[in-house]
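Step one of this worksheet: look at the structure below.
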Amino acid sequence: MGITSHDVARLAGVSQPTVSRALRDDPRVSQATREKVMRAAQALNYVPSEAGRTLSTRATRRVGVIVTDLTNPFYPHVVAPLHDELSSLGYRMMLITERSDEAVAGEKLLDQSMDGVVLATATTDSRLPDQLERRGMPYVFLNRDTGRAGDFASVVDNEGGGRLVAQELVALGHRRVAGLFGAPNTTTGREREMGFRLALAEAGVGLPEDRVVRGAFEYDTGYRALPALLGAEEAPTAVFCGNDVVAIGVLNAALAAGVRVPDDLTVIGFDDLPMAAWEVFRLTTVRHDLRELSRQAARLLVRRIAGDVDPAGERLVLPTEFVPRATHARVG
């Protein structure tokens, strides 16, 4: 038989429960006792059994993170700080990747292998949140939610960000504008479009449907949409993109078509990914704190696991700001 916590307890001169508490940094154990237990564990090359710890505490200290689009450069920038924050709170992160939320069977998340779940790519029509709710699995939304009352979510002021873009374009004299928004079953796509439309309407500027494209938040959406927009009878002088990745697709399509940005076409993104500031792009965009978006999602989930949340739901909303760079200009 291998070394057990009982062996560590005998060497340290304490009880076995004290060893278990010391090794999981229970605050009830004094620093002196904790150090004595650690020395004994090291002397015996003892490694705590995760299975045994789970049985004794009914907690795995593991959190699942569901991401359905790892090809999108947005997600590595939120997954990394999410991992770091969960680690600082004593949890290990398990990344679960599928093509869609529907491909993630609820049973996979309810086999007692994790304490909670972060949903990072949820859509408004996903059934997974309801499955988790029915089975009592704590979860929170990151970046996207369902838009319903009662959500536990860390999100961005998408509507406010869309308003900022519209107000800037109007101030620059743009009247023929286009919008390349996200899929209609995402709250990020809906809310950014809503804020943009409302602010344009307040300024007396229309947004006809023939200058609107809704699609995935990916490079190809921007690259494929721009030629048709430019070929219209009244081509837009400005394009607001649902995220930076779509905007980069537009920039490359404009370059291929010989369209000068920003002289001939203003292009504005959303998110302010690190690559947006690269000299090759210098993309004008809308910024929010990507790291804090993840950190507050981690903290919210841990509080929900502990039952320290408002049962009516908590929607934590980060502010946005306009970031002017080199892809916007005044008309004429």
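Residues in the structure tokens are named by chain (A, B, ... in the order shown) and by number from 1 within that chain; ligands are numbered from 1 in the order shown.
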
Residues flagged helix (DSSP H, G or I) by DSSP in stretch 142-284 of chain A, as a PyMOL selection string: chain A and resi 158-171+187-202+209-211+219-230+244-257+274-277

task: Pull the strand (DSSP E) assignments for stretch 78-322 of chain A out of DSSP run on the backbone, and list those residues as a PyMOL selection string.
output: chain A and resi 92-97+116-119+139-142+152-156+177-181+212-214+238-241+266-268+285-287+314-318+321-322

C-alpha atoms of the current selection, written as a short mmCIF file (atom, residue, chain, number, x, y, z; two decimals), in the first residue's frame:
```cif
data_model
loop_
_atom_site.label_atom_id
_atom_site.label_comp_id
_atom_site.auth_asym_id
_atom_site.auth_seq_id
_atom_site.Cartn_x
_atom_site.Cartn_y
_atom_site.Cartn_z
CA ARG A 92 -8.76 24.00 -11.33
CA MET A 93 -10.17 24.80 -14.76
CA MET A 94 -11.24 22.15 -17.25
CA LEU A 95 -11.71 23.42 -20.82
CA ILE A 96 -14.57 21.76 -22.70
CA THR A 97 -14.70 22.41 -26.44
CA GLY A 116 -19.61 24.56 -11.50
CA VAL A 117 -19.56 25.65 -15.12
CA VAL A 118 -18.68 28.82 -17.05
CA LEU A 119 -20.62 29.20 -20.31
CA TYR A 139 -23.09 28.10 -13.70
CA VAL A 140 -22.41 31.62 -14.93
CA PHE A 141 -22.30 33.24 -18.34
CA LEU A 142 -19.14 34.92 -19.62
CA PHE A 152 -25.78 35.03 -13.48
CA ALA A 153 -23.43 36.70 -15.92
CA SER A 154 -20.31 38.78 -16.48
CA VAL A 155 -20.95 40.83 -19.60
CA VAL A 156 -20.12 44.08 -21.39
CA VAL A 177 -23.24 53.52 -42.75
CA ALA A 178 -23.29 49.73 -42.68
CA GLY A 179 -23.37 47.24 -39.83
CA LEU A 180 -21.79 43.78 -39.79
CA PHE A 181 -23.32 42.36 -36.64
CA VAL A 212 -26.80 45.11 -42.63
CA VAL A 213 -25.15 41.68 -42.41
CA ARG A 214 -25.61 39.29 -39.49
CA ALA A 238 -18.37 53.61 -42.83
CA VAL A 239 -18.75 50.07 -41.50
CA PHE A 240 -19.32 49.16 -37.85
CA CYS A 241 -18.24 45.58 -37.19
CA THR A 266 -14.10 54.07 -42.14
CA VAL A 267 -13.92 50.72 -40.28
CA ILE A 268 -14.64 50.33 -36.56
CA THR A 285 -12.56 50.08 -31.87
CA VAL A 286 -14.53 49.87 -28.63
CA ARG A 287 -12.62 48.80 -25.55
CA GLU A 314 -26.69 38.89 -10.87
CA ARG A 315 -25.68 40.51 -14.16
CA LEU A 316 -22.30 42.25 -13.81
CA VAL A 317 -21.83 44.76 -16.65
CA LEU A 318 -18.45 46.25 -17.62
CA GLU A 321 -14.95 53.28 -24.18
CA PHE A 322 -14.22 54.43 -27.73
#
```

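From atom CA of A:Ala329 back to atom CA of A:Gly231, the distance works out to 21.0 Å.
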
field: Which of A:Ala235, A:Val261, A:Ala120, A:Ala247 sits closest to A:Thr221 [using only C-alpha atoms]
entry: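 Closest residue, counting only C-alpha atoms: A:Ala247.
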
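Put simply, atom CA of A:Glu191 is 20.6 Å away from atom CA of A:Thr68.
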
- request: Extract, using only C-alpha atoms, all DNA, RNA and protein residues at most 7 Å from A:Val250, discarding same-chain residues fewer than 2 positions from it, and format them as a PyMOL selection string.
  value: chain A and resi 222-223+226+246-248+252-254

Those residues with all heavy atoms, as a compact mmCIF listing (two decimals), in the first residue's frame please?
```
# COMPACT_ATOMS: atom_id res chain seq x y z
N GLY A 222 -16.61 39.34 -42.24
CA GLY A 222 -16.22 40.65 -42.73
C GLY A 222 -15.66 40.61 -44.14
O GLY A 222 -16.00 41.45 -44.99
N TYR A 223 -14.81 39.63 -44.40
CA TYR A 223 -14.13 39.57 -45.69
C TYR A 223 -15.13 39.35 -46.83
O TYR A 223 -15.01 39.94 -47.90
CB TYR A 223 -13.09 38.45 -45.68
CG TYR A 223 -12.16 38.48 -46.88
CD1 TYR A 223 -11.04 39.31 -46.87
CD2 TYR A 223 -12.42 37.72 -48.01
CE1 TYR A 223 -10.19 39.36 -47.96
CE2 TYR A 223 -11.58 37.77 -49.10
CZ TYR A 223 -10.47 38.59 -49.08
OH TYR A 223 -9.64 38.66 -50.17
N LEU A 226 -17.96 42.64 -47.41
CA LEU A 226 -17.60 43.96 -47.92
C LEU A 226 -17.79 44.12 -49.43
O LEU A 226 -18.32 45.16 -49.86
CB LEU A 226 -16.17 44.32 -47.52
CG LEU A 226 -15.78 45.76 -47.88
CD1 LEU A 226 -16.63 46.75 -47.08
CD2 LEU A 226 -14.30 46.00 -47.64
N VAL A 246 -14.11 40.44 -37.12
CA VAL A 246 -14.88 40.79 -38.31
C VAL A 246 -14.27 42.02 -38.98
O VAL A 246 -14.15 42.09 -40.20
CB VAL A 246 -16.36 41.04 -37.95
CG1 VAL A 246 -17.13 41.57 -39.16
CG2 VAL A 246 -17.01 39.76 -37.43
N ALA A 247 -13.88 43.00 -38.16
CA ALA A 247 -13.30 44.24 -38.70
C ALA A 247 -12.00 43.96 -39.45
O ALA A 247 -11.74 44.57 -40.50
CB ALA A 247 -13.05 45.23 -37.57
N ILE A 248 -11.19 43.03 -38.95
CA ILE A 248 -9.94 42.70 -39.65
C ILE A 248 -10.24 42.04 -40.99
O ILE A 248 -9.54 42.27 -41.99
CB ILE A 248 -9.07 41.80 -38.75
CG1 ILE A 248 -8.52 42.64 -37.58
CG2 ILE A 248 -7.94 41.16 -39.53
CD1 ILE A 248 -7.84 41.85 -36.50
N ASN A 252 -8.94 43.58 -44.65
CA ASN A 252 -8.25 42.81 -45.69
C ASN A 252 -9.03 42.83 -46.99
O ASN A 252 -8.44 42.88 -48.09
CB ASN A 252 -8.01 41.38 -45.21
CG ASN A 252 -6.77 41.28 -44.34
OD1 ASN A 252 -6.12 42.27 -44.04
ND2 ASN A 252 -6.45 40.07 -43.91
N ALA A 253 -10.36 42.77 -46.90
CA ALA A 253 -11.18 42.83 -48.11
C ALA A 253 -11.04 44.19 -48.78
O ALA A 253 -11.00 44.29 -50.02
CB ALA A 253 -12.64 42.56 -47.77
N ALA A 254 -10.96 45.25 -47.99
CA ALA A 254 -10.78 46.59 -48.55
C ALA A 254 -9.44 46.70 -49.25
O ALA A 254 -9.33 47.26 -50.36
CB ALA A 254 -10.89 47.63 -47.43
```

message: When you count only C-alpha atoms, which of these residues is closest to A:Glu202: A:Ala298, A:Arg62, A:Arg10, A:Val170?
response: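 The shortest atom-to-atom distance to A:Glu202 comes from A:Val170.
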
field: Minimum-distance residue to A:Ala43, chosen among A:Asp271, A:Asp7, A:Asp25, A:Glu218 (using only C-alpha atoms)
entry: A:Asp7

message: Give me the residues near A:Gly147 as an NGL selection string, where near means some atom within 7 Å (using only C-alpha atoms) and where sequence neighbours in that chain fewer than 2 positions away do not count.
response: :A and (145 or 149 or 187)

query: Which residues, written as JSON, numbers by chain, have at least one atom at most 9 Å from A:Gly162, with only C-alpha atoms counted and residues fewer than 2 positions away on the same chain left out?
result: {"A": [157, 158, 159, 160, 164, 165, 166, 167, 191, 192, 193, 194, 195, 196, 197, 198, 199, 240, 242, 270, 286]}

query: So how far away is atom CA of A:Ala297 from atom CA of A:Arg134, in Å?
result: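 Computing it gives 21.1 Å between the two atoms.
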
- line: In terms of only C-alpha atoms, the residue from A:Ala225, A:Ala12, A:Leu86, A:Leu132 at minimal distance from A:Ala32 is A:Ala12

task: For each of A:Arg291, A:His328, A:Arg282, A:Arg224, take the minimum atom-to-atom distance to A:Pro262, counting only C-alpha atoms, then give the residue where this is smallest.
output: A:His328
